[in-house]
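*Asks:* Just so it is clear, I am handing over data_32.pdb, which has PDB, C-alpha atoms, pLDDT in the B column.
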ATOM      1  CA  MET M   1       8.351   6.840  -2.657  1.00 80.00           C
ATOM      2  CA  LEU M   2       6.482   5.302   0.258  1.00 91.00           C
ATOM      3  CA  THR M   3       2.781   5.815   0.926  1.00 95.00           C
ATOM      4  CA  ALA M   4       2.362   3.830   4.150  1.00 96.00           C
ATOM      5  CA  ASP M   5       3.969   5.011   7.396  1.00 96.00           C
ATOM      6  CA  TYR M   6       5.739   2.111   9.133  1.00 97.00           C
ATOM      7  CA  ASP M   7       5.611   3.785  12.535  1.00 96.00           C
ATOM      8  CA  ARG M   8       1.831   4.192  12.346  1.00 97.00           C
ATOM      9  CA  LEU M   9       1.623   0.587  11.150  1.00 98.00           C
ATOM     10  CA  ASP M  10       3.704  -0.357  14.221  1.00 97.00           C
ATOM     11  CA  ALA M  11       6.019  -2.563  12.157  1.00 97.00           C
ATOM     12  CA  LYS M  12       8.806  -4.029  14.303  1.00 96.00           C
ATOM     13  CA  VAL M  13      11.911  -6.121  13.738  1.00 97.00           C
ATOM     14  CA  GLY M  14      10.890  -9.753  13.346  1.00 96.00           C
ATOM     15  CA  ASP M  15       7.283  -9.042  12.340  1.00 97.00           C
ATOM     16  CA  ARG M  16       5.811 -10.931   9.386  1.00 98.00           C
ATOM     17  CA  LEU M  17       4.479  -8.561   6.717  1.00 98.00           C
ATOM     18  CA  LEU M  18       2.486  -9.154   3.543  1.00 98.00           C
ATOM     19  CA  ASP M  19       2.804  -6.545   0.793  1.00 98.00           C
ATOM     20  CA  LEU M  20      -0.287  -7.190  -1.338  1.00 98.00           C
ATOM     21  CA  GLY M  21      -0.106  -5.878  -4.888  1.00 96.00           C
ATOM     22  CA  CYS M  22       3.563  -5.162  -4.325  1.00 96.00           C
ATOM     23  CA  GLY M  23       4.271  -3.895  -7.840  1.00 94.00           C
ATOM     24  CA  PHE M  24       8.027  -3.546  -8.098  1.00 92.00           C
ATOM     25  CA  GLY M  25       8.476  -3.640  -4.336  1.00 95.00           C
ATOM     26  CA  ARG M  26       8.872  -0.152  -2.849  1.00 95.00           C
ATOM     27  CA  HIS M  27       7.082  -1.019   0.410  1.00 97.00           C
ATOM     28  CA  ALA M  28       8.503  -4.531   0.588  1.00 97.00           C
ATOM     29  CA  PHE M  29      12.096  -3.307   0.305  1.00 97.00           C
ATOM     30  CA  GLU M  30      11.733  -0.693   3.031  1.00 97.00           C
ATOM     31  CA  ALA M  31      10.117  -3.209   5.373  1.00 97.00           C
ATOM     32  CA  ALA M  32      12.963  -5.676   4.806  1.00 97.00           C
ATOM     33  CA  ARG M  33      15.532  -2.957   5.498  1.00 97.00           C
ATOM     34  CA  ARG M  34      13.826  -2.485   8.858  1.00 97.00           C
ATOM     35  CA  GLY M  35      14.287  -6.145   9.750  1.00 97.00           C
ATOM     36  CA  VAL M  36      10.710  -7.183   8.998  1.00 97.00           C
ATOM     37  CA  HIS M  37      10.139 -10.599   7.396  1.00 97.00           C
ATOM     38  CA  VAL M  38       8.394  -9.859   4.077  1.00 97.00           C
ATOM     39  CA  VAL M  39       6.252 -11.709   1.577  1.00 97.00           C
ATOM     40  CA  ALA M  40       5.574  -9.586  -1.503  1.00 97.00           C
ATOM     41  CA  LEU M  41       2.606 -10.774  -3.589  1.00 97.00           C
ATOM     42  CA  ASP M  42       1.460  -9.582  -6.998  1.00 97.00           C
ATOM     43  CA  ALA M  43      -0.660 -10.925  -9.836  1.00 95.00           C
ATOM     44  CA  GLY M  44       2.027 -10.069 -12.385  1.00 95.00           C
ATOM     45  CA  SER M  45       4.936 -12.401 -13.089  1.00 95.00           C
ATOM     46  CA  ASP M  46       7.231  -9.561 -14.186  1.00 96.00           C
ATOM     47  CA  GLU M  47       6.685  -7.752 -10.888  1.00 96.00           C
ATOM     48  CA  VAL M  48       7.350 -10.885  -8.827  1.00 96.00           C
ATOM     49  CA  ARG M  49      10.508 -11.630 -10.803  1.00 97.00           C
ATOM     50  CA  GLY M  50      11.738  -8.071 -10.384  1.00 97.00           C
ATOM     51  CA  VAL M  51      11.147  -8.053  -6.619  1.00 97.00           C
ATOM     52  CA  THR M  52      12.889 -11.425  -6.244  1.00 97.00           C
ATOM     53  CA  ASN M  53      15.934 -10.151  -8.121  1.00 97.00           C
ATOM     54  CA  THR M  54      16.073  -6.928  -6.113  1.00 97.00           C
ATOM     55  CA  PHE M  55      15.867  -8.796  -2.814  1.00 96.00           C
ATOM     56  CA  ALA M  56      18.823 -10.913  -3.976  1.00 96.00           C
ATOM     57  CA  ALA M  57      20.785  -7.790  -4.936  1.00 97.00           C
ATOM     58  CA  MET M  58      20.031  -6.192  -1.566  1.00 97.00           C
ATOM     59  CA  ARG M  59      21.397  -9.261   0.206  1.00 95.00           C
ATOM     60  CA  ASP M  60      24.529  -9.240  -1.908  1.00 95.00           C
ATOM     61  CA  ALA M  61      25.021  -5.553  -1.068  1.00 96.00           C
ATOM     62  CA  GLY M  62      24.636  -6.180   2.671  1.00 96.00           C
ATOM     63  CA  GLU M  63      21.463  -4.083   2.920  1.00 95.00           C
ATOM     64  CA  LEU M  64      19.507  -6.822   4.692  1.00 95.00           C
ATOM     65  CA  SER M  65      20.146  -8.662   7.925  1.00 95.00           C
ATOM     66  CA  PRO M  66      21.004 -12.347   7.370  1.00 94.00           C
ATOM     67  CA  THR M  67      18.120 -13.217   9.708  1.00 95.00           C
ATOM     68  CA  THR M  68      15.502 -11.280   7.725  1.00 96.00           C
ATOM     69  CA  ALA M  69      13.378 -13.594   5.574  1.00 96.00           C
ATOM     70  CA  THR M  70      12.070 -12.314   2.236  1.00 97.00           C
ATOM     71  CA  GLY M  71      10.109 -13.786  -0.626  1.00 96.00           C
ATOM     72  CA  ALA M  72       7.938 -12.868  -3.594  1.00 97.00           C
ATOM     73  CA  VAL M  73       5.029 -14.915  -4.930  1.00 97.00           C
ATOM     74  CA  GLN M  74       2.502 -14.599  -7.724  1.00 97.00           C
ATOM     75  CA  GLY M  75      -1.037 -14.873  -6.456  1.00 96.00           C
ATOM     76  CA  ASP M  76      -4.664 -13.786  -6.421  1.00 96.00           C
ATOM     77  CA  ALA M  77      -5.944 -11.265  -3.849  1.00 96.00           C
ATOM     78  CA  LEU M  78      -9.236 -13.191  -3.759  1.00 97.00           C
ATOM     79  CA  ALA M  79      -7.573 -16.488  -2.792  1.00 97.00           C
ATOM     80  CA  LEU M  80      -4.415 -15.810  -0.812  1.00 97.00           C
ATOM     81  CA  PRO M  81      -2.172 -18.886  -0.454  1.00 96.00           C
ATOM     82  CA  PHE M  82      -1.602 -18.475   3.299  1.00 97.00           C
ATOM     83  CA  PRO M  83      -3.164 -19.968   6.445  1.00 96.00           C
ATOM     84  CA  ASP M  84      -5.345 -17.885   8.749  1.00 96.00           C
ATOM     85  CA  GLY M  85      -3.442 -15.410  10.927  1.00 96.00           C
ATOM     86  CA  THR M  86      -0.120 -15.742   9.086  1.00 96.00           C
ATOM     87  CA  PHE M  87       0.904 -12.062   9.185  1.00 97.00           C
ATOM     88  CA  ASP M  88       1.457  -9.435  11.866  1.00 98.00           C
ATOM     89  CA  ARG M  89       1.285  -6.528   9.406  1.00 98.00           C
ATOM     90  CA  ILE M  90      -0.206  -6.037   5.947  1.00 98.00           C
ATOM     91  CA  ILE M  91       0.210  -3.284   3.368  1.00 98.00           C
ATOM     92  CA  ALA M  92      -2.158  -3.016   0.394  1.00 98.00           C
ATOM     93  CA  SER M  93      -1.169   0.151  -1.458  1.00 97.00           C
ATOM     94  CA  GLU M  94      -3.273   1.332  -4.421  1.00 96.00           C
ATOM     95  CA  VAL M  95      -4.826  -2.106  -4.884  1.00 97.00           C
ATOM     96  CA  PHE M  96      -8.543  -2.124  -4.089  1.00 97.00           C
ATOM     97  CA  GLU M  97      -9.505   0.421  -6.761  1.00 97.00           C
ATOM     98  CA  HIS M  98      -8.459  -2.228  -9.338  1.00 95.00           C
ATOM     99  CA  ILE M  99     -10.497  -5.132  -7.900  1.00 96.00           C
ATOM    100  CA  PRO M 100     -14.208  -5.514  -8.790  1.00 95.00           C
ATOM    101  CA  SER M 101     -14.851  -7.800  -5.780  1.00 96.00           C
ATOM    102  CA  ASP M 102     -13.089  -5.528  -3.318  1.00 97.00           C
ATOM    103  CA  VAL M 103     -14.909  -6.733  -0.179  1.00 97.00           C
ATOM    104  CA  ASP M 104     -13.885 -10.320  -0.946  1.00 97.00           C
ATOM    105  CA  ALA M 105     -10.255  -9.192  -1.155  1.00 98.00           C
ATOM    106  CA  MET M 106     -10.620  -7.275   2.114  1.00 98.00           C
ATOM    107  CA  ALA M 107     -12.011 -10.402   3.769  1.00 97.00           C
ATOM    108  CA  GLU M 108      -9.005 -12.399   2.571  1.00 98.00           C
ATOM    109  CA  LEU M 109      -6.624  -9.844   4.088  1.00 98.00           C
ATOM    110  CA  ALA M 110      -8.546  -9.918   7.367  1.00 97.00           C
ATOM    111  CA  ARG M 111      -8.315 -13.710   7.342  1.00 97.00           C
ATOM    112  CA  VAL M 112      -4.530 -13.876   6.979  1.00 97.00           C
ATOM    113  CA  LEU M 113      -3.903 -11.079   9.523  1.00 98.00           C
ATOM    114  CA  ARG M 114      -3.427 -12.303  13.066  1.00 97.00           C
ATOM    115  CA  PRO M 115      -5.708 -11.002  15.828  1.00 96.00           C
ATOM    116  CA  GLY M 116      -4.149  -7.782  17.111  1.00 97.00           C
ATOM    117  CA  GLY M 117      -2.278  -7.303  13.834  1.00 98.00           C
ATOM    118  CA  THR M 118      -2.364  -4.072  11.835  1.00 98.00           C
ATOM    119  CA  MET M 119      -2.925  -3.145   8.222  1.00 98.00           C
ATOM    120  CA  ALA M 120      -2.268  -0.089   6.022  1.00 98.00           C
ATOM    121  CA  ILE M 121      -4.670   0.404   3.118  1.00 98.00           C
ATOM    122  CA  THR M 122      -4.099   3.144   0.533  1.00 98.00           C
ATOM    123  CA  VAL M 123      -6.360   4.187  -2.340  1.00 98.00           C
ATOM    124  CA  PRO M 124      -6.583   7.248  -4.594  1.00 97.00           C
ATOM    125  CA  ARG M 125      -8.282  10.105  -2.746  1.00 97.00           C
ATOM    126  CA  PHE M 126     -11.797  10.994  -3.909  1.00 97.00           C
ATOM    127  CA  GLY M 127     -11.274  14.614  -5.025  1.00 97.00           C
ATOM    128  CA  PRO M 128      -8.024  14.313  -7.013  1.00 96.00           C
ATOM    129  CA  GLU M 129      -9.168  11.011  -8.505  1.00 97.00           C
ATOM    130  CA  LEU M 130     -12.534  12.433  -9.550  1.00 97.00           C
ATOM    131  CA  LEU M 131     -10.734  15.179 -11.483  1.00 97.00           C
ATOM    132  CA  ASN M 132      -8.561  12.583 -13.231  1.00 96.00           C
ATOM    133  CA  TRP M 133     -11.680  10.701 -14.367  1.00 96.00           C
ATOM    134  CA  ALA M 134     -13.328  13.943 -15.522  1.00 96.00           C
ATOM    135  CA  LEU M 135     -10.287  14.940 -17.580  1.00 96.00           C
ATOM    136  CA  SER M 136      -9.628  11.568 -19.229  1.00 94.00           C
ATOM    137  CA  ASP M 137     -11.509   8.343 -19.932  1.00 92.00           C
ATOM    138  CA  GLU M 138      -8.158   6.903 -20.983  1.00 91.00           C
ATOM    139  CA  TYR M 139      -6.895   7.272 -17.395  1.00 92.00           C
ATOM    140  CA  HIS M 140      -9.208   4.614 -15.974  1.00 91.00           C
ATOM    141  CA  ASN M 141     -10.952   2.893 -18.889  1.00 89.00           C
ATOM    142  CA  VAL M 142      -8.123   0.472 -19.673  1.00 88.00           C
ATOM    143  CA  PRO M 143      -7.528  -3.220 -18.885  1.00 86.00           C
ATOM    144  CA  GLY M 144      -6.548  -3.478 -15.232  1.00 84.00           C
ATOM    145  CA  GLY M 145      -7.467   0.149 -14.633  1.00 89.00           C
ATOM    146  CA  HIS M 146      -9.387   1.754 -11.796  1.00 94.00           C
ATOM    147  CA  VAL M 147     -12.951   0.456 -11.473  1.00 94.00           C
ATOM    148  CA  ARG M 148     -14.183   2.832  -8.744  1.00 96.00           C
ATOM    149  CA  ILE M 149     -13.493   6.017  -6.824  1.00 97.00           C
ATOM    150  CA  TYR M 150     -13.688   5.614  -3.046  1.00 97.00           C
ATOM    151  CA  ARG M 151     -15.194   8.000  -0.604  1.00 96.00           C
ATOM    152  CA  ARG M 152     -13.498   7.595   2.765  1.00 96.00           C
ATOM    153  CA  SER M 153     -16.774   6.635   4.480  1.00 96.00           C
ATOM    154  CA  VAL M 154     -17.435   3.840   1.978  1.00 96.00           C
ATOM    155  CA  LEU M 155     -13.936   2.409   2.312  1.00 97.00           C
ATOM    156  CA  VAL M 156     -14.126   2.481   6.117  1.00 97.00           C
ATOM    157  CA  GLU M 157     -17.553   0.820   6.056  1.00 97.00           C
ATOM    158  CA  ARG M 158     -16.401  -1.991   3.777  1.00 97.00           C
ATOM    159  CA  LEU M 159     -13.297  -2.679   5.842  1.00 97.00           C
ATOM    160  CA  ALA M 160     -15.391  -2.676   9.017  1.00 96.00           C
ATOM    161  CA  SER M 161     -17.719  -5.233   7.424  1.00 96.00           C
ATOM    162  CA  VAL M 162     -14.855  -7.771   7.423  1.00 97.00           C
ATOM    163  CA  GLY M 163     -13.985  -7.070  11.055  1.00 96.00           C
ATOM    164  CA  LEU M 164     -11.247  -4.417  10.809  1.00 97.00           C
ATOM    165  CA  GLU M 165     -11.170  -1.360  13.075  1.00 97.00           C
ATOM    166  CA  GLY M 166      -9.616   1.897  11.884  1.00 96.00           C
ATOM    167  CA  TYR M 167      -7.278   3.778  14.236  1.00 97.00           C
ATOM    168  CA  ASP M 168      -5.422   6.367  12.123  1.00 97.00           C
ATOM    169  CA  THR M 169      -5.478   8.080   8.726  1.00 97.00           C
ATOM    170  CA  HIS M 170      -3.620  10.639   6.616  1.00 97.00           C
ATOM    171  CA  HIS M 171      -3.088  11.744   3.015  1.00 97.00           C
ATOM    172  CA  ALA M 172       0.055  11.453   0.905  1.00 97.00           C
ATOM    173  CA  HIS M 173       1.712  12.565  -2.349  1.00 96.00           C
ATOM    174  CA  ALA M 174       0.229  16.029  -2.846  1.00 96.00           C
ATOM    175  CA  LEU M 175       2.946  16.891  -5.367  1.00 95.00           C
ATOM    176  CA  HIS M 176       1.872  13.953  -7.537  1.00 96.00           C
ATOM    177  CA  ALA M 177      -1.768  15.008  -7.893  1.00 96.00           C
ATOM    178  CA  PRO M 178      -1.079  17.925 -10.291  1.00 95.00           C
ATOM    179  CA  TYR M 179       1.208  15.680 -12.345  1.00 96.00           C
ATOM    180  CA  TRP M 180      -1.657  13.298 -13.036  1.00 96.00           C
ATOM    181  CA  TRP M 181      -4.076  16.130 -13.756  1.00 96.00           C
ATOM    182  CA  LEU M 182      -1.575  17.346 -16.314  1.00 96.00           C
ATOM    183  CA  LYS M 183      -1.161  13.861 -17.783  1.00 95.00           C
ATOM    184  CA  CYS M 184      -4.911  13.436 -18.058  1.00 95.00           C
ATOM    185  CA  ALA M 185      -5.257  16.840 -19.742  1.00 96.00           C
ATOM    186  CA  VAL M 186      -2.622  16.215 -22.446  1.00 95.00           C
ATOM    187  CA  GLY M 187      -3.112  12.437 -22.785  1.00 94.00           C
ATOM    188  CA  THR M 188      -1.973   9.752 -20.366  1.00 92.00           C
ATOM    189  CA  THR M 189       0.368   8.204 -22.933  1.00 91.00           C
ATOM    190  CA  ASN M 190       1.876  11.528 -23.993  1.00 93.00           C
ATOM    191  CA  ASP M 191       5.164  11.342 -22.118  1.00 93.00           C
ATOM    192  CA  THR M 192       6.949  13.833 -24.394  1.00 95.00           C
ATOM    193  CA  HIS M 193       4.798  16.888 -23.710  1.00 95.00           C
ATOM    194  CA  PRO M 194       7.193  19.589 -22.392  1.00 94.00           C
ATOM    195  CA  LEU M 195       5.144  20.274 -19.234  1.00 94.00           C
ATOM    196  CA  VAL M 196       4.881  16.551 -18.473  1.00 94.00           C
ATOM    197  CA  VAL M 197       8.626  16.093 -18.957  1.00 95.00           C
ATOM    198  CA  ARG M 198       9.501  19.032 -16.691  1.00 95.00           C
ATOM    199  CA  TYR M 199       7.081  18.024 -13.945  1.00 94.00           C
ATOM    200  CA  HIS M 200       8.325  14.426 -14.091  1.00 94.00           C
ATOM    201  CA  ASP M 201      11.899  15.657 -13.732  1.00 95.00           C
ATOM    202  CA  LEU M 202      10.823  17.670 -10.689  1.00 93.00           C
ATOM    203  CA  LEU M 203       9.255  14.607  -9.066  1.00 93.00           C
ATOM    204  CA  VAL M 204      12.333  12.471  -9.764  1.00 93.00           C
ATOM    205  CA  TRP M 205      14.564  15.188  -8.292  1.00 93.00           C
ATOM    206  CA  ASP M 206      12.340  15.375  -5.221  1.00 91.00           C
ATOM    207  CA  ILE M 207      12.309  11.595  -4.690  1.00 89.00           C
ATOM    208  CA  THR M 208      16.064  11.303  -5.241  1.00 89.00           C
ATOM    209  CA  ASN M 209      17.191  14.254  -3.149  1.00 91.00           C
ATOM    210  CA  GLY M 210      14.382  14.853  -0.657  1.00 87.00           C
ATOM    211  CA  PRO M 211      15.012  18.611  -0.413  1.00 91.00           C
ATOM    212  CA  ARG M 212      13.550  20.386   2.585  1.00 91.00           C
ATOM    213  CA  THR M 213      11.528  22.830   0.452  1.00 92.00           C
ATOM    214  CA  THR M 214       9.507  20.211  -1.406  1.00 92.00           C
ATOM    215  CA  ARG M 215       9.172  17.983   1.656  1.00 91.00           C
ATOM    216  CA  TRP M 216       7.616  20.853   3.616  1.00 94.00           C
ATOM    217  CA  ALA M 217       5.468  21.868   0.645  1.00 94.00           C
ATOM    218  CA  GLU M 218       4.065  18.364   0.332  1.00 94.00           C
ATOM    219  CA  LYS M 219       3.480  18.109   4.076  1.00 94.00           C
ATOM    220  CA  LEU M 220       1.447  21.332   3.993  1.00 96.00           C
ATOM    221  CA  LEU M 221      -0.478  20.369   0.849  1.00 96.00           C
ATOM    222  CA  ASN M 222      -1.233  16.728   1.714  1.00 96.00           C
ATOM    223  CA  PRO M 223      -4.399  17.515   3.716  1.00 96.00           C
ATOM    224  CA  ILE M 224      -5.693  19.581   0.794  1.00 95.00           C
ATOM    225  CA  VAL M 225      -4.714  17.744  -2.404  1.00 95.00           C
ATOM    226  CA  GLY M 226      -2.869  14.621  -1.262  1.00 96.00           C
ATOM    227  CA  LYS M 227      -3.338  12.069  -4.052  1.00 97.00           C
ATOM    228  CA  SER M 228      -3.581   9.038  -1.748  1.00 97.00           C
ATOM    229  CA  LEU M 229      -5.812   8.290   1.222  1.00 98.00           C
ATOM    230  CA  VAL M 230      -4.114   6.066   3.798  1.00 98.00           C
ATOM    231  CA  LEU M 231      -6.042   4.144   6.465  1.00 98.00           C
ATOM    232  CA  TYR M 232      -4.560   2.141   9.340  1.00 98.00           C
ATOM    233  CA  LEU M 233      -6.635  -0.666  10.767  1.00 98.00           C
ATOM    234  CA  ARG M 234      -6.389  -3.321  13.427  1.00 98.00           C
ATOM    235  CA  LYS M 235      -7.895  -6.792  13.672  1.00 97.00           C
ATOM    236  CA  PRO M 236      -9.448  -7.109  17.142  1.00 95.00           C
ATOM    237  CA  LEU M 237      -8.023  -9.609  19.577  1.00 92.00           C
ATOM    238  CA  VAL M 238      -9.989 -12.792  20.045  1.00 72.00           C
ATOM    239  CA  ALA M 239     -11.934 -12.731  23.310  1.00 48.00           C
ATOM    240  CA  PRO M 240     -10.411 -14.956  26.068  1.00 44.00           C
ATOM    241  CA  VAL M 241     -11.843 -18.450  26.253  1.00 46.00           C
ATOM    242  CA  ALA M 242     -14.078 -18.950  29.304  1.00 45.00           C
ATOM    243  CA  ASN M 243     -12.980 -21.263  32.123  1.00 43.00           C
ATOM    244  CA  VAL M 244      -9.334 -21.253  31.084  1.00 41.00           C
ATOM    245  CA  ALA M 245      -6.713 -20.758  33.795  1.00 38.00           C
ATOM    246  CA  PRO M 246      -5.245 -17.234  33.695  1.00 38.00           C
ATOM    247  CA  SER M 247      -1.704 -18.634  33.472  1.00 34.00           C
ATOM    248  CA  LEU M 248      -2.595 -20.418  30.218  1.00 34.00           C
ATOM    249  CA  VAL M 249      -4.296 -17.352  28.773  1.00 35.00           C
ATOM    250  CA  ASP M 250      -1.332 -15.151  29.621  1.00 35.00           C
ATOM    251  CA  ALA M 251       1.079 -17.627  28.094  1.00 31.00           C
TER     252      ALA M 251
END
Before we go any further, please render this structure as structure tokens.
*Replies:*
Amino acid sequence: MLTADYDRLDAKVGDRLLDLGCGFGRHAFEAARRGVHVVALDAGSDEVRGVTNTFAAMRDAGELSPTTATGAVQGDALALPFPDGTFDRIIASEVFEHIPSDVDAMAELARVLRPGGTMAITVPRFGPELLNWALSDEYHNVPGGHVRIYRRSVLVERLASVGLEGYDTHHAHALHAPYWWLKCAVGTTNDTHPLVVRYHDLLVWDITNGPRTTRWAEKLLNPIVGKSLVLYLRKPLVAPVANVAPSLVDA
């Protein structure tokens, strides 16, 4: 289940991509399948180990080009272990709502993105997320849980403050919003409630089979109740250095 759109991100074969807060690797794996060189980074050792093992299994199964480089590292979003301008593309999906010092993390991403590079940022959408918080303290008041709800304008302003320019946006996962409202209503740890079980089975069936009916339903509902807000941003190109021969600049 992907949240970021690789075409809008302009990810190409041979690009270098950082998947920040990779979890168990859904965005990293798809990028690698597309021939993008991927570094998946997460704070959790279990997640990094799982992504490493899956990359190895994908290679063994012939799913990845031999020339596509992949790796997974454990790290801190506030102190990324990469030089300036390392990556052409960055994905940070459902990450910033967990980080108290979110602007510092945004600045780190801007630092390691090359000038002209692009970034996809996804966070829970304000309306659906607000309802989750209203229904359940348990949903967010847990270690490592969500520390804020973003309005789009606030997120855009904070990303602009570190030098990133937005160029596209959309919403995603409308079918997942009611599932979480239901979970919050009956208890977020109550996985045996009959309605929760049936809705979960529906989501698994949708993800596994991708039927046209649910795909169209989600496409129509995303602008209304899409659970995730997705922003695409670009780091501006560095201005040309004065008094440099055009041939050197063009090179």
*Asks:* So which one's closest to M:Val39, M:Asn141, M:Thr70, M:Thr52, M:Ser101? Using all atoms listed in the file, please.
*Replies:*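 Of the candidates, the smallest distance to M:Val39 is held by M:Thr70.
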*Asks:* From the list M:Cys184, M:Val156, M:Ala77, M:Val48, which residue is nearest M:Phe24 when using all atoms listed in the file?
*Replies:*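 Of M:Cys184, M:Val156, M:Ala77, M:Val48, the one nearest M:Phe24 is M:Val48, counting all atoms listed in the file.
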*Asks:* Hey, what's within 12 Å of M:Pro66 if we count all atoms listed in the file and toss same-chain stuff fewer than 2 positions away? As a ChimeraX atom specification, please?
*Replies:* /M:32-33,35-37,55-56,58-64,68-70
*Asks:* Quick one, how far is atom CA of M:His98 from atom CA of M:Tyr150?
*Replies:* 11.3 Å
*Asks:* Under the rule that only C-alpha atoms are counted, which of M:Ala177, M:Ser153, M:Leu18, M:Leu195 is the nearest residue to M:Glu108?
*Replies:*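 Of M:Ala177, M:Ser153, M:Leu18, M:Leu195, the one nearest M:Glu108 is M:Leu18, counting only C-alpha atoms.
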